[in-house]
Structure formats: C-alpha cells, structure tokens
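Shown next: protein21.pdb, given as PDB, C-alpha atoms and all ligand atoms.
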ATOM      1  CA  MET A  41     -93.843  93.452   4.019
ATOM      2  CA  LYS A  42     -91.312  90.653   4.457
ATOM      3  CA  LEU A  43     -92.639  87.227   5.424
ATOM      4  CA  VAL A  44     -91.226  83.723   5.788
ATOM      5  CA  PHE A  45     -93.400  80.627   5.250
ATOM      6  CA  LEU A  46     -92.091  77.686   7.260
ATOM      7  CA  GLY A  47     -93.324  74.092   7.400
ATOM      8  CA  PRO A  48     -92.690  70.554   6.234
ATOM      9  CA  PRO A  49     -92.679  69.547   2.580
ATOM     10  CA  GLY A  50     -96.315  69.179   1.531
ATOM     11  CA  ALA A  51     -97.739  71.534   4.184
ATOM     12  CA  GLY A  52     -99.174  73.699   1.405
ATOM     13  CA  LYS A  53     -96.686  76.596   1.636
ATOM     14  CA  GLY A  54     -96.481  76.947  -2.139
ATOM     15  CA  THR A  55    -100.249  76.614  -2.671
ATOM     16  CA  GLN A  56    -100.969  79.297  -0.052
ATOM     17  CA  ALA A  57     -98.059  81.596  -0.944
ATOM     18  CA  ALA A  58     -99.199  81.836  -4.568
ATOM     19  CA  LYS A  59    -102.690  83.092  -3.572
ATOM     20  CA  LEU A  60    -101.649  85.228  -0.596
ATOM     21  CA  ALA A  61     -98.904  86.952  -2.579
ATOM     22  CA  GLU A  62    -101.516  87.900  -5.165
ATOM     23  CA  ASN A  63    -103.997  89.112  -2.519
ATOM     24  CA  PHE A  64    -101.452  91.215  -0.599
ATOM     25  CA  ASN A  65     -99.376  92.331  -3.590
ATOM     26  CA  LEU A  66     -96.206  90.551  -2.497
ATOM     27  CA  LYS A  67     -93.572  88.708  -4.523
ATOM     28  CA  HIS A  68     -93.839  84.917  -4.073
ATOM     29  CA  ALA A  69     -90.191  83.826  -3.811
ATOM     30  CA  SER A  70     -89.794  80.038  -3.630
ATOM     31  CA  THR A  71     -86.246  78.690  -3.449
ATOM     32  CA  GLY A  72     -87.544  75.318  -4.700
ATOM     33  CA  ASP A  73     -89.047  77.019  -7.801
ATOM     34  CA  ILE A  74     -85.844  79.032  -8.368
ATOM     35  CA  PHE A  75     -83.722  75.866  -8.219
ATOM     36  CA  ARG A  76     -86.109  73.866 -10.449
ATOM     37  CA  ALA A  77     -86.100  76.663 -13.056
ATOM     38  CA  ALA A  78     -82.294  76.685 -12.958
ATOM     39  CA  VAL A  79     -82.185  72.908 -13.498
ATOM     40  CA  ALA A  80     -84.650  73.176 -16.400
ATOM     41  CA  SER A  81     -82.568  75.911 -18.056
ATOM     42  CA  GLY A  82     -79.322  73.913 -17.734
ATOM     43  CA  SER A  83     -77.512  76.867 -16.096
ATOM     44  CA  ASP A  84     -74.390  76.470 -13.917
ATOM     45  CA  LEU A  85     -76.604  76.920 -10.845
ATOM     46  CA  GLY A  86     -78.947  74.223 -12.142
ATOM     47  CA  ASN A  87     -76.094  71.771 -12.769
ATOM     48  CA  THR A  88     -74.779  72.395  -9.239
ATOM     49  CA  VAL A  89     -78.099  71.857  -7.446
ATOM     50  CA  LYS A  90     -79.671  69.097  -9.586
ATOM     51  CA  SER A  91     -78.386  66.099  -7.607
ATOM     52  CA  TYR A  92     -79.492  67.684  -4.312
ATOM     53  CA  LEU A  93     -83.059  68.162  -5.585
ATOM     54  CA  ASP A  94     -83.185  64.702  -7.193
ATOM     55  CA  ASN A  95     -82.123  63.072  -3.924
ATOM     56  CA  GLY A  96     -84.267  65.149  -1.542
ATOM     57  CA  LYS A  97     -81.196  66.741   0.097
ATOM     58  CA  LEU A  98     -80.786  70.394   1.010
ATOM     59  CA  VAL A  99     -78.569  72.591  -1.164
ATOM     60  CA  SER A 100     -75.669  74.180   0.771
ATOM     61  CA  ASP A 101     -76.498  77.087   3.076
ATOM     62  CA  ASP A 102     -74.046  79.534   1.498
ATOM     63  CA  LEU A 103     -75.183  78.908  -2.070
ATOM     64  CA  THR A 104     -78.889  79.096  -1.135
ATOM     65  CA  ALA A 105     -78.392  82.337   0.813
ATOM     66  CA  LYS A 106     -76.405  83.859  -2.083
ATOM     67  CA  VAL A 107     -79.240  83.007  -4.503
ATOM     68  CA  VAL A 108     -81.859  84.539  -2.165
ATOM     69  CA  GLY A 109     -79.723  87.677  -1.698
ATOM     70  CA  GLU A 110     -79.254  88.204  -5.430
ATOM     71  CA  MET A 111     -82.621  87.068  -6.737
ATOM     72  CA  VAL A 112     -84.965  88.247  -3.997
ATOM     73  CA  LEU A 113     -83.527  90.721  -1.449
ATOM     74  CA  ASP A 114     -81.668  92.822  -4.038
ATOM     75  CA  ARG A 115     -84.750  93.042  -6.251
ATOM     76  CA  GLU A 116     -87.892  93.018  -4.122
ATOM     77  CA  SER A 117     -89.019  94.992  -1.096
ATOM     78  CA  ASP A 118     -92.221  93.062  -0.294
ATOM     79  CA  PHE A 119     -92.115  89.283  -0.449
ATOM     80  CA  ILE A 120     -93.040  85.886   0.908
ATOM     81  CA  LEU A 121     -89.981  83.654   1.259
ATOM     82  CA  ASP A 122     -91.383  80.142   0.645
ATOM     83  CA  GLY A 123     -88.883  77.450   1.673
ATOM     84  CA  PHE A 124     -86.095  79.729   2.914
ATOM     85  CA  PRO A 125     -84.582  79.657   5.489
ATOM     86  CA  ARG A 126     -84.505  75.908   6.078
ATOM     87  CA  THR A 127     -81.633  75.634   8.590
ATOM     88  CA  ILE A 128     -80.421  77.704  11.550
ATOM     89  CA  PRO A 129     -77.348  78.912   9.601
ATOM     90  CA  GLN A 130     -79.656  80.032   6.751
ATOM     91  CA  ALA A 131     -81.831  81.946   9.263
ATOM     92  CA  GLU A 132     -78.721  83.681  10.620
ATOM     93  CA  LEU A 133     -77.533  84.497   7.099
ATOM     94  CA  LEU A 134     -80.990  85.937   6.332
ATOM     95  CA  ASP A 135     -80.887  88.087   9.481
ATOM     96  CA  ASN A 136     -77.463  89.403   8.427
ATOM     97  CA  MET A 137     -78.465  90.038   4.820
ATOM     98  CA  LEU A 138     -81.558  91.982   5.915
ATOM     99  CA  GLU A 139     -79.584  93.947   8.511
ATOM    100  CA  GLU A 140     -76.997  94.920   5.852
ATOM    101  CA  ARG A 141     -79.903  96.380   3.873
ATOM    102  CA  GLY A 142     -81.386  98.146   6.930
ATOM    103  CA  GLN A 143     -84.372  95.780   6.915
ATOM    104  CA  SER A 144     -85.998  93.114   9.089
ATOM    105  CA  LEU A 145     -88.633  90.392   8.854
ATOM    106  CA  ASP A 146     -92.249  91.286   9.637
ATOM    107  CA  GLY A 147     -93.323  87.758  10.511
ATOM    108  CA  VAL A 148     -92.939  84.008  10.091
ATOM    109  CA  ILE A 149     -95.946  81.780   9.442
ATOM    110  CA  TYR A 150     -95.477  78.138  10.380
ATOM    111  CA  PHE A 151     -97.794  75.709   8.546
ATOM    112  CA  SER A 152     -97.971  72.676  10.814
ATOM    113  CA  LEU A 153     -98.749  69.225   9.408
ATOM    114  CA  ASP A 154     -97.809  65.727  10.542
ATOM    115  CA  ASN A 155     -95.588  63.538   8.388
ATOM    116  CA  GLU A 156     -98.300  61.024   7.470
ATOM    117  CA  ASP A 157    -100.483  63.754   5.922
ATOM    118  CA  ALA A 158     -97.434  65.283   4.225
ATOM    119  CA  VAL A 159     -96.643  61.976   2.488
ATOM    120  CA  GLU A 160    -100.220  61.644   1.172
ATOM    121  CA  ARG A 161    -100.184  65.217  -0.131
ATOM    122  CA  LEU A 162     -96.778  64.970  -1.806
ATOM    123  CA  THR A 163     -97.320  61.628  -3.505
ATOM    124  CA  GLY A 164    -100.688  62.832  -4.915
ATOM    125  CA  ARG A 165     -99.508  66.274  -6.046
ATOM    126  CA  ARG A 166     -99.752  67.296  -9.705
ATOM    127  CA  VAL A 167     -98.163  70.482 -11.036
ATOM    128  CA  CYS A 168     -98.970  72.416 -14.215
ATOM    129  CA  ASP A 169     -95.925  72.278 -16.501
ATOM    130  CA  ASN A 170     -96.867  75.679 -17.935
ATOM    131  CA  CYS A 171     -97.979  77.991 -15.084
ATOM    132  CA  GLY A 172     -96.846  75.960 -12.049
ATOM    133  CA  ARG A 173    -100.252  75.771 -10.319
ATOM    134  CA  ASN A 174    -100.537  72.928  -7.797
ATOM    135  CA  PHE A 175    -103.291  70.311  -7.798
ATOM    136  CA  HIS A 176    -103.875  67.093  -5.880
ATOM    137  CA  VAL A 177    -105.479  63.956  -7.302
ATOM    138  CA  LYS A 178    -107.721  63.587  -4.222
ATOM    139  CA  PHE A 179    -107.766  66.895  -2.304
ATOM    140  CA  MET A 180    -107.618  69.502  -5.092
ATOM    141  CA  PRO A 181    -108.437  67.708  -8.362
ATOM    142  CA  PRO A 182    -108.570  69.658 -11.629
ATOM    143  CA  ASP A 183    -111.901  69.951 -13.499
ATOM    144  CA  LYS A 184    -110.471  67.765 -16.280
ATOM    145  CA  GLU A 185    -107.991  65.044 -15.395
ATOM    146  CA  GLY A 186    -104.410  65.911 -16.355
ATOM    147  CA  VAL A 187    -105.275  69.458 -17.501
ATOM    148  CA  CYS A 188    -104.662  72.755 -15.648
ATOM    149  CA  ASP A 189    -107.883  74.671 -14.853
ATOM    150  CA  ASP A 190    -106.103  78.016 -15.286
ATOM    151  CA  CYS A 191    -104.086  77.700 -18.497
ATOM    152  CA  GLY A 192    -104.838  74.290 -20.046
ATOM    153  CA  GLY A 193    -101.231  73.115 -19.474
ATOM    154  CA  SER A 194    -100.397  69.465 -18.751
ATOM    155  CA  LEU A 195    -100.298  68.290 -15.143
ATOM    156  CA  ILE A 196     -97.104  66.430 -14.259
ATOM    157  CA  VAL A 197     -95.632  64.668 -11.227
ATOM    158  CA  ARG A 198     -92.624  66.502  -9.710
ATOM    159  CA  SER A 199     -89.468  64.383  -9.934
ATOM    160  CA  ASP A 200     -88.936  64.455  -6.141
ATOM    161  CA  SER A 201     -92.379  62.996  -5.365
ATOM    162  CA  SER A 202     -91.543  59.268  -5.188
ATOM    163  CA  LEU A 203     -92.106  57.755  -1.739
ATOM    164  CA  ASP A 204     -88.390  57.183  -0.959
ATOM    165  CA  ILE A 205     -87.435  60.767  -1.899
ATOM    166  CA  VAL A 206     -90.415  62.193   0.010
ATOM    167  CA  GLN A 207     -89.257  60.271   3.103
ATOM    168  CA  GLN A 208     -85.714  61.614   2.619
ATOM    169  CA  ARG A 209     -87.079  65.187   2.390
ATOM    170  CA  LEU A 210     -89.078  64.700   5.586
ATOM    171  CA  GLN A 211     -85.944  63.405   7.353
ATOM    172  CA  GLU A 212     -84.036  66.503   6.221
ATOM    173  CA  TYR A 213     -86.923  68.624   7.501
ATOM    174  CA  ASP A 214     -87.022  66.926  10.923
ATOM    175  CA  ALA A 215     -83.246  67.152  11.386
ATOM    176  CA  LYS A 216     -82.453  70.593   9.956
ATOM    177  CA  THR A 217     -85.581  72.718   9.539
ATOM    178  CA  LYS A 218     -87.683  71.921  12.626
ATOM    179  CA  PRO A 219     -85.238  73.761  14.958
ATOM    180  CA  LEU A 220     -86.346  76.976  13.211
ATOM    181  CA  ILE A 221     -89.703  76.708  15.006
ATOM    182  CA  ASP A 222     -87.959  77.446  18.326
ATOM    183  CA  TYR A 223     -85.566  79.928  16.696
ATOM    184  CA  TYR A 224     -88.406  82.156  15.454
ATOM    185  CA  SER A 225     -90.656  81.463  18.432
ATOM    186  CA  ASN A 226     -87.919  82.706  20.789
ATOM    187  CA  LYS A 227     -87.640  85.876  18.721
ATOM    188  CA  GLY A 228     -91.432  86.392  19.044
ATOM    189  CA  GLU A 229     -91.862  86.248  15.265
ATOM    190  CA  LEU A 230     -93.673  82.903  14.827
ATOM    191  CA  LYS A 231     -97.392  82.496  14.146
ATOM    192  CA  THR A 232     -98.781  78.992  13.632
ATOM    193  CA  VAL A 233    -101.512  77.831  11.248
ATOM    194  CA  ASP A 234    -102.987  74.310  11.378
ATOM    195  CA  ALA A 235    -102.235  73.232   7.807
ATOM    196  CA  SER A 236    -104.305  70.036   8.071
ATOM    197  CA  ASP A 237    -107.500  72.044   7.502
ATOM    198  CA  SER A 238    -109.029  72.632   4.065
ATOM    199  CA  PRO A 239    -107.112  74.967   1.709
ATOM    200  CA  ASP A 240    -109.739  77.722   2.169
ATOM    201  CA  THR A 241    -109.605  77.502   5.980
ATOM    202  CA  VAL A 242    -105.796  77.538   5.973
ATOM    203  CA  ARG A 243    -105.799  80.560   3.681
ATOM    204  CA  ALA A 244    -108.318  82.421   5.859
ATOM    205  CA  GLU A 245    -106.153  81.821   8.953
ATOM    206  CA  ALA A 246    -102.998  82.993   7.191
ATOM    207  CA  GLU A 247    -104.849  86.026   5.814
ATOM    208  CA  LYS A 248    -105.897  87.016   9.325
ATOM    209  CA  ILE A 249    -102.269  86.853  10.501
ATOM    210  CA  ILE A 250    -100.987  88.906   7.556
ATOM    211  CA  SER A 251    -103.748  91.492   8.017
ATOM    212  CA  THR A 252    -102.799  91.845  11.700
ATOM    213  CA  ILE A 253     -99.175  92.424  10.714
ATOM    214  CA  THR A 254    -100.261  94.987   8.091
ATOM    215  CA  ASP A 255    -102.448  96.816  10.642
ATOM    216  CA  SER A 256     -99.619  97.017  13.178
ATOM    217  CA  GLU A 257     -97.156  98.586  10.694
TER     218      GLU A 257
HETATM  219  P1  LIG B 301     -89.401  72.991  -2.301
HETATM  220  O1  LIG B 301     -89.927  73.147  -3.653
HETATM  221  O2  LIG B 301     -89.383  74.173  -1.391
HETATM  222  O3  LIG B 301     -90.140  71.785  -1.621
HETATM  223  P2  LIG B 301     -90.704  71.616  -0.146
HETATM  224  O4  LIG B 301     -90.492  72.539   0.947
HETATM  225  O5  LIG B 301     -90.255  70.254   0.089
HETATM  226  O6  LIG B 301     -92.167  71.948  -0.329
HETATM  227  P3  LIG B 301     -93.158  71.440  -1.342
HETATM  228  O7  LIG B 301     -93.218  72.318  -2.550
HETATM  229  O8  LIG B 301     -92.936  69.991  -1.638
HETATM  230  O9  LIG B 301     -94.487  71.521  -0.442
HETATM  231  P4  LIG B 301     -95.384  72.771  -0.084
HETATM  232  O10 LIG B 301     -95.399  72.990   1.391
HETATM  233  O11 LIG B 301     -95.071  73.962  -0.939
HETATM  234  O12 LIG B 301     -96.792  72.149  -0.448
HETATM  235  P5  LIG B 301     -97.682  72.372  -1.758
HETATM  236  O13 LIG B 301     -98.327  73.705  -1.725
HETATM  237  O14 LIG B 301     -96.914  72.007  -2.983
HETATM  238  O15 LIG B 301     -87.896  72.452  -2.329
HETATM  239  C1  LIG B 301     -87.508  71.406  -3.235
HETATM  240  C2  LIG B 301     -86.017  71.135  -3.068
HETATM  241  O16 LIG B 301     -85.234  72.320  -3.347
HETATM  242  C3  LIG B 301     -85.555  70.718  -1.661
HETATM  243  O17 LIG B 301     -85.737  69.331  -1.437
HETATM  244  C4  LIG B 301     -84.074  71.115  -1.708
HETATM  245  O18 LIG B 301     -83.296  70.190  -2.435
HETATM  246  C5  LIG B 301     -84.103  72.429  -2.483
HETATM  247  N1  LIG B 301     -84.261  73.609  -1.620
HETATM  248  C6  LIG B 301     -85.301  74.476  -1.630
HETATM  249  N2  LIG B 301     -85.132  75.440  -0.704
HETATM  250  C7  LIG B 301     -83.956  75.170  -0.078
HETATM  251  C8  LIG B 301     -83.251  75.785   0.993
HETATM  252  N3  LIG B 301     -83.724  76.877   1.620
HETATM  253  N4  LIG B 301     -82.069  75.240   1.372
HETATM  254  C9  LIG B 301     -81.567  74.166   0.760
HETATM  255  N5  LIG B 301     -82.205  73.508  -0.249
HETATM  256  C10 LIG B 301     -83.392  74.022  -0.666
HETATM  257  O19 LIG B 301     -98.832  71.275  -1.489
HETATM  258  C11 LIG B 301     -98.545  69.892  -1.560
HETATM  259  C12 LIG B 301     -99.763  69.141  -2.109
HETATM  260  O20 LIG B 301    -100.832  69.218  -1.162
HETATM  261  C13 LIG B 301    -100.336  69.708  -3.423
HETATM  262  O21 LIG B 301    -100.777  68.626  -4.214
HETATM  263  C14 LIG B 301    -101.526  70.572  -2.978
HETATM  264  O22 LIG B 301    -102.524  70.601  -3.977
HETATM  265  C15 LIG B 301    -102.013  69.812  -1.736
HETATM  266  N6  LIG B 301    -102.536  70.701  -0.706
HETATM  267  C16 LIG B 301    -102.091  71.937  -0.348
HETATM  268  N7  LIG B 301    -102.816  72.424   0.682
HETATM  269  C17 LIG B 301    -103.733  71.447   0.997
HETATM  270  C18 LIG B 301    -104.744  71.354   1.994
HETATM  271  N8  LIG B 301    -104.971  72.343   2.881
HETATM  272  N9  LIG B 301    -105.474  70.214   2.041
HETATM  273  C19 LIG B 301    -105.254  69.195   1.172
HETATM  274  N10 LIG B 301    -104.302  69.243   0.205
HETATM  275  C20 LIG B 301    -103.554  70.347   0.128
END
Could you spell out this file's structure in structure tokens?
Ligand code: AP5
Amino acid sequence: MKLVFLGPPGAGKGTQAAKLAENFNLKHASTGDIFRAAVASGSDLGNTVKSYLDNGKLVSDDLTAKVVGEMVLDRESDFILDGFPRTIPQAELLDNMLEERGQSLDGVIYFSLDNEDAVERLTGRRVCDNCGRNFHVKFMPPDKEGVCDDCGGSLIVRSDSSLDIVQQRLQEYDAKTKPLIDYYSNKGELKTVDASDSPDTVRAEAEKIISTITDSE
C-alpha cells in the first residue's frame, strides 16, 4: 500500500505515521527525518539542505524528489510518505516516478488543523534524541520530565521549533502545500481527518480510512 500524509506542520503526521506504519506493516518515510539525519551525519546532502531546514524553507523540488526516489520508491513497496509531496511540482514528480515503476498511490490522508493549534503543538514538542518518538509538554507529556518513555533517551527541542521559524514554516505551507488539497481532491484520492481531536481519536479515524483502502484492494 502506498499512502501520502498531508497537512500543516504540527498536525501530527509524524506521530500518527509512526504508529500506523507499525500497525499496517508499512515503511514510515519522512522527508523531514531523512533530511535531519543527513544534517546530523554531515553528508553532502545534509550540508546542502541544512540552511533550508534551519530557516523553515522548503528544500528544492528536484532534490527532494530525487531523495524520495532513491531512498523510498527504489527500496520499499508499501509505505507512508510523511511530508512529501509538499508542492504541486513535487506531486507531479511523484506521479511520474510511480508511473515509471508501474505503480500508483492508494490514498492521501489530509490531517486538518488550524494555524493557531499548529503553533501551540510545535512550540511545545519534545523529541527523543535516541529513538525519535514525539512528545508534547502539555498534550502528550512523558512519564518522567525530559526522559523518553520508550527508550530512556533525552527529550530535546527540534531546532526549527522557535516561534519565528514555526511561523515561516506555516507561511510556506499556506503558499506552497495547501494547493495539494485541491490537487488530490480533484483526483478523488483525498480523505480528511480532523487532526484537532485527541491522538487516539485521530488515529482511529485514520485507521478506518486505511482499512477501507485495504478492503477495496
Ligand atoms: P518535517 O519534519 O516534515 O516537518 P513538518 O511537516 O513541518 O511537520 P512536523 O514534523 O513539524 O509536524 P507533524 O505534522 O509531523 O507533527 P508531529 O507529529 O511532530 O520537515 C522539516 C523540514 O524539512 C521542512 O521545514 C523543510 O525544510 C524540509 N522538508 C521536509 N519535507 C520536504 C519536502 N517534501 N520538500 C521540501 N522540503 C522538505 O506533532 C507535533 C506536536 O504535536 C508533537 O509535540 C506531538 O506530540 C503533538 N501532537 C500530535 N498529535 C496531537 C494531537 N492529536 N493532539 C495534541 N497534540 C498532538
């Protein structure tokens, strides 16, 4: 199964994709995670994308599509693309890359959330520096402050979580990513989940959608 998770920064795409990928035996492929790992490793890719991530700007369409082609489509047959595509040109590149491989998307889940809620979620997010699990100081606090429930790693603040960078990321989303809602809706591929609900409710809604897609295959 090939799914795209769409939605503003902070909608909970990463939180949900991690669990749903596990439940449905899919690869969770996050372009943000791929880029952050590249920056941390000091690779050529990391050096190229670092200033984009630090400033809340989107990496170029061609480079992002190339990375997805090589690191996801060439390697995995069942996946959730979390954070790709993020522009109309990226969606067209994805269509072409799948077509070249004789494949197509099975569905797009749009996690809708207004900007005010997104800001509160992003500025309160904490991430495990060892396993990558997401927490939130108010909405999803760990059992012990600063410590990951799963692996005992330290919880850190992502470098693009300051208010000015969060606002920049939301501007990029409004200008470049929002048009994808119509793009996928017009193709009949979009299903919407109200991401302002509790994490469990959001997951249950997304699970229902994925199960329906599985049943229709
Ligand atoms: P990326 O890592 O993809 O960031 P993003 O889309 O901005 O998404 P986030 O990870 O910030 O939010 P999320 O929706 O996953 O929410 P989360 O689950 O963490 O991209 C980072 C950067 O990489 C970009 O700025 C860009 O530079 C580059 N990049 C990536 N892809 C690219 C592309 N395709 N093209 C070009 N550049 C690209 O949840 C957020 C918080 O809310 C957490 O604290 C969580 O605990 C909490 N939370 C989650 N769900 C709920 C809930 N239901 N209720 C209450 N709190 C909740």
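Distances from A:Asp214, A:Glu229, A:Glu156, A:Asp146 to Ser251 of chain A were compared using all atoms listed in the file, and the smallest one belongs to A:Asp146.
Picture a line from atom CA of Val206 of chain A to atom CA of Asp101 of chain A; it runs 20.6 Å.
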**Message:** Residues within 9 Å of Ile253 of chain A, please, as a VMD selection string. Count only C-alpha atoms; anything in the same chain fewer than 3 positions from it doesn't count.
**Reply:** chain A and resid 41 146 to 147 248 to 250 256 to 257
**Message:** One decimal, in Å: what's the spacing between atom CA of Met111 of chain A and atom C11 of ligand LIG 301 (chain B)?
**Reply:** 24.0 Å
**Request:** Please write the residues picked by the PyMOL selection byres (((chain A and resi 164-173) around 9) and not hetatm) on this file as JSON, numbers by chain.
**Result:** {"A": [50, 55, 58, 73, 159, 160, 161, 162, 163, 174, 175, 176, 177, 178, 179, 180, 181, 186, 187, 188, 189, 190, 191, 192, 193, 194, 195, 196, 197, 198, 201]}
**Asked** Do you know which residues the PyMOL selection byres (((chain A and resi 132-143) around 9) and not hetatm) returns on this file, as a ChimeraX atom specification?
**Response** /A:42,101-102,105,108-109,113-114,124-125,127-131,144-145
**Request:** With a distance cut-off of 10 Å and only C-alpha atoms, select the neighbouring residues of Arg126 of chain A, excluding the residue or stretch itself and same-chain residues fewer than 2 positions from it, and output the selection as a VMD selection string.
**Result:** chain A and resid 46 to 48 98 to 99 101 104 122 to 124 128 to 131 212 to 213 216 to 220
Residues from last step as file, C-alpha atoms, as a PDB file, keeping the file's coordinate frame:
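Output (selection12.pdb):
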ATOM      1  CA  LEU A  46     -92.091  77.686   7.260  1.00  0.00           C
ATOM      2  CA  GLY A  47     -93.324  74.092   7.400  1.00  0.00           C
ATOM      3  CA  PRO A  48     -92.690  70.554   6.234  1.00  0.00           C
ATOM      4  CA  LEU A  98     -80.786  70.394   1.010  1.00  0.00           C
ATOM      5  CA  VAL A  99     -78.569  72.591  -1.164  1.00  0.00           C
ATOM      6  CA  ASP A 101     -76.498  77.087   3.076  1.00  0.00           C
ATOM      7  CA  THR A 104     -78.889  79.096  -1.135  1.00  0.00           C
ATOM      8  CA  ASP A 122     -91.383  80.142   0.645  1.00  0.00           C
ATOM      9  CA  GLY A 123     -88.883  77.450   1.673  1.00  0.00           C
ATOM     10  CA  PHE A 124     -86.095  79.729   2.914  1.00  0.00           C
ATOM     11  CA  ILE A 128     -80.421  77.704  11.550  1.00  0.00           C
ATOM     12  CA  PRO A 129     -77.348  78.912   9.601  1.00  0.00           C
ATOM     13  CA  GLN A 130     -79.656  80.032   6.751  1.00  0.00           C
ATOM     14  CA  ALA A 131     -81.831  81.946   9.263  1.00  0.00           C
ATOM     15  CA  GLU A 212     -84.036  66.503   6.221  1.00  0.00           C
ATOM     16  CA  TYR A 213     -86.923  68.624   7.501  1.00  0.00           C
ATOM     17  CA  LYS A 216     -82.453  70.593   9.956  1.00  0.00           C
ATOM     18  CA  THR A 217     -85.581  72.718   9.539  1.00  0.00           C
ATOM     19  CA  LYS A 218     -87.683  71.921  12.626  1.00  0.00           C
ATOM     20  CA  PRO A 219     -85.238  73.761  14.958  1.00  0.00           C
ATOM     21  CA  LEU A 220     -86.346  76.976  13.211  1.00  0.00           C
TER      22      LEU A 220
END
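Closest approach to Ile221 of chain A from the set A:Thr88, A:Asn65, A:Ser238, A:Ser152 is made by A:Ser152, with distances taken over all atoms listed in the file.
Each of A:Asp200, A:Glu116, A:Glu245, A:Asp255 was checked against Asp94 of chain A using only C-alpha atoms; the smallest atom-to-atom distance is that of A:Asp200.
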**Request:** Apply the PyMOL selection byres (((chain A and resi 243) around 10) and not hetatm) to the structure shown and report the selected residues as an MDAnalysis selection string.
**Result:** chainID A and resid 52 55:57 59:60 233 235 237:242 244:249
Deliver the residues from the most recent selection as a file, using C-alpha atoms, as a PDB file, keeping the file's coordinate frame.
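Just written: again.pdb:
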ATOM      1  CA  GLY A  52     -99.174  73.699   1.405  1.00  0.00           C
ATOM      2  CA  THR A  55    -100.249  76.614  -2.671  1.00  0.00           C
ATOM      3  CA  GLN A  56    -100.969  79.297  -0.052  1.00  0.00           C
ATOM      4  CA  ALA A  57     -98.059  81.596  -0.944  1.00  0.00           C
ATOM      5  CA  LYS A  59    -102.690  83.092  -3.572  1.00  0.00           C
ATOM      6  CA  LEU A  60    -101.649  85.228  -0.596  1.00  0.00           C
ATOM      7  CA  VAL A 233    -101.512  77.831  11.248  1.00  0.00           C
ATOM      8  CA  ALA A 235    -102.235  73.232   7.807  1.00  0.00           C
ATOM      9  CA  ASP A 237    -107.500  72.044   7.502  1.00  0.00           C
ATOM     10  CA  SER A 238    -109.029  72.632   4.065  1.00  0.00           C
ATOM     11  CA  PRO A 239    -107.112  74.967   1.709  1.00  0.00           C
ATOM     12  CA  ASP A 240    -109.739  77.722   2.169  1.00  0.00           C
ATOM     13  CA  THR A 241    -109.605  77.502   5.980  1.00  0.00           C
ATOM     14  CA  VAL A 242    -105.796  77.538   5.973  1.00  0.00           C
ATOM     15  CA  ALA A 244    -108.318  82.421   5.859  1.00  0.00           C
ATOM     16  CA  GLU A 245    -106.153  81.821   8.953  1.00  0.00           C
ATOM     17  CA  ALA A 246    -102.998  82.993   7.191  1.00  0.00           C
ATOM     18  CA  GLU A 247    -104.849  86.026   5.814  1.00  0.00           C
ATOM     19  CA  LYS A 248    -105.897  87.016   9.325  1.00  0.00           C
ATOM     20  CA  ILE A 249    -102.269  86.853  10.501  1.00  0.00           C
TER      21      ILE A 249
END
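Here atom CA of Asp84 of chain A stands at a distance of 14.1 Å from atom CA of Lys106 of chain A.
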**Request:** Please provide as a PyMOL selection string all residues within 9 Å of Ile205 of chain A, with the sequence filter that same-chain residues fewer than 6 positions apart are discarded (counting only C-alpha atoms).
**Result:** chain A and resi 94-97
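Each of A:Leu85, A:Tyr150, A:Leu210, A:Ser117 was checked against Tyr224 of chain A using all atoms listed in the file; the smallest atom-to-atom distance is that of A:Tyr150.
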How big is the axis-aligned box around the listed atoms of ligand LIG 301 (chain B) once 4 Å is added on each side, and where is its centre? Give both in Å to one decimal, as AutoDock Vina command-line options.
--center_x -93.5 --center_y 72.8 --center_z -0.7 --size_x 31.9 --size_y 16.3 --size_z 15.1
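For the residues A:Ala158, A:Val44, A:Ala61, A:Val112, ranking by smallest atom-to-atom distance to ligand LIG 301 (chain B) using all atoms listed in the file places A:Ala158 first.
Shortest separation to Thr254 of chain A among A:Asp118, A:Ser202, A:Ser83, A:Ala77 occurs at residue A:Asp118, atoms counted being all atoms listed in the file.
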If we count only C-alpha atoms and set the cut-off at 7 Å, which residues sit around Val79 of chain A, ignoring sequence neighbours fewer than 6 positions away in its own chain? Please answer as a compact mmCIF listing (two decimals) with C-alpha atoms, in the frame of the given file.
# COMPACT_ATOMS: atom_id res chain seq x y z
CA GLY A 86 -78.95 74.22 -12.14
CA ASN A 87 -76.09 71.77 -12.77
CA LYS A 90 -79.67 69.10 -9.59
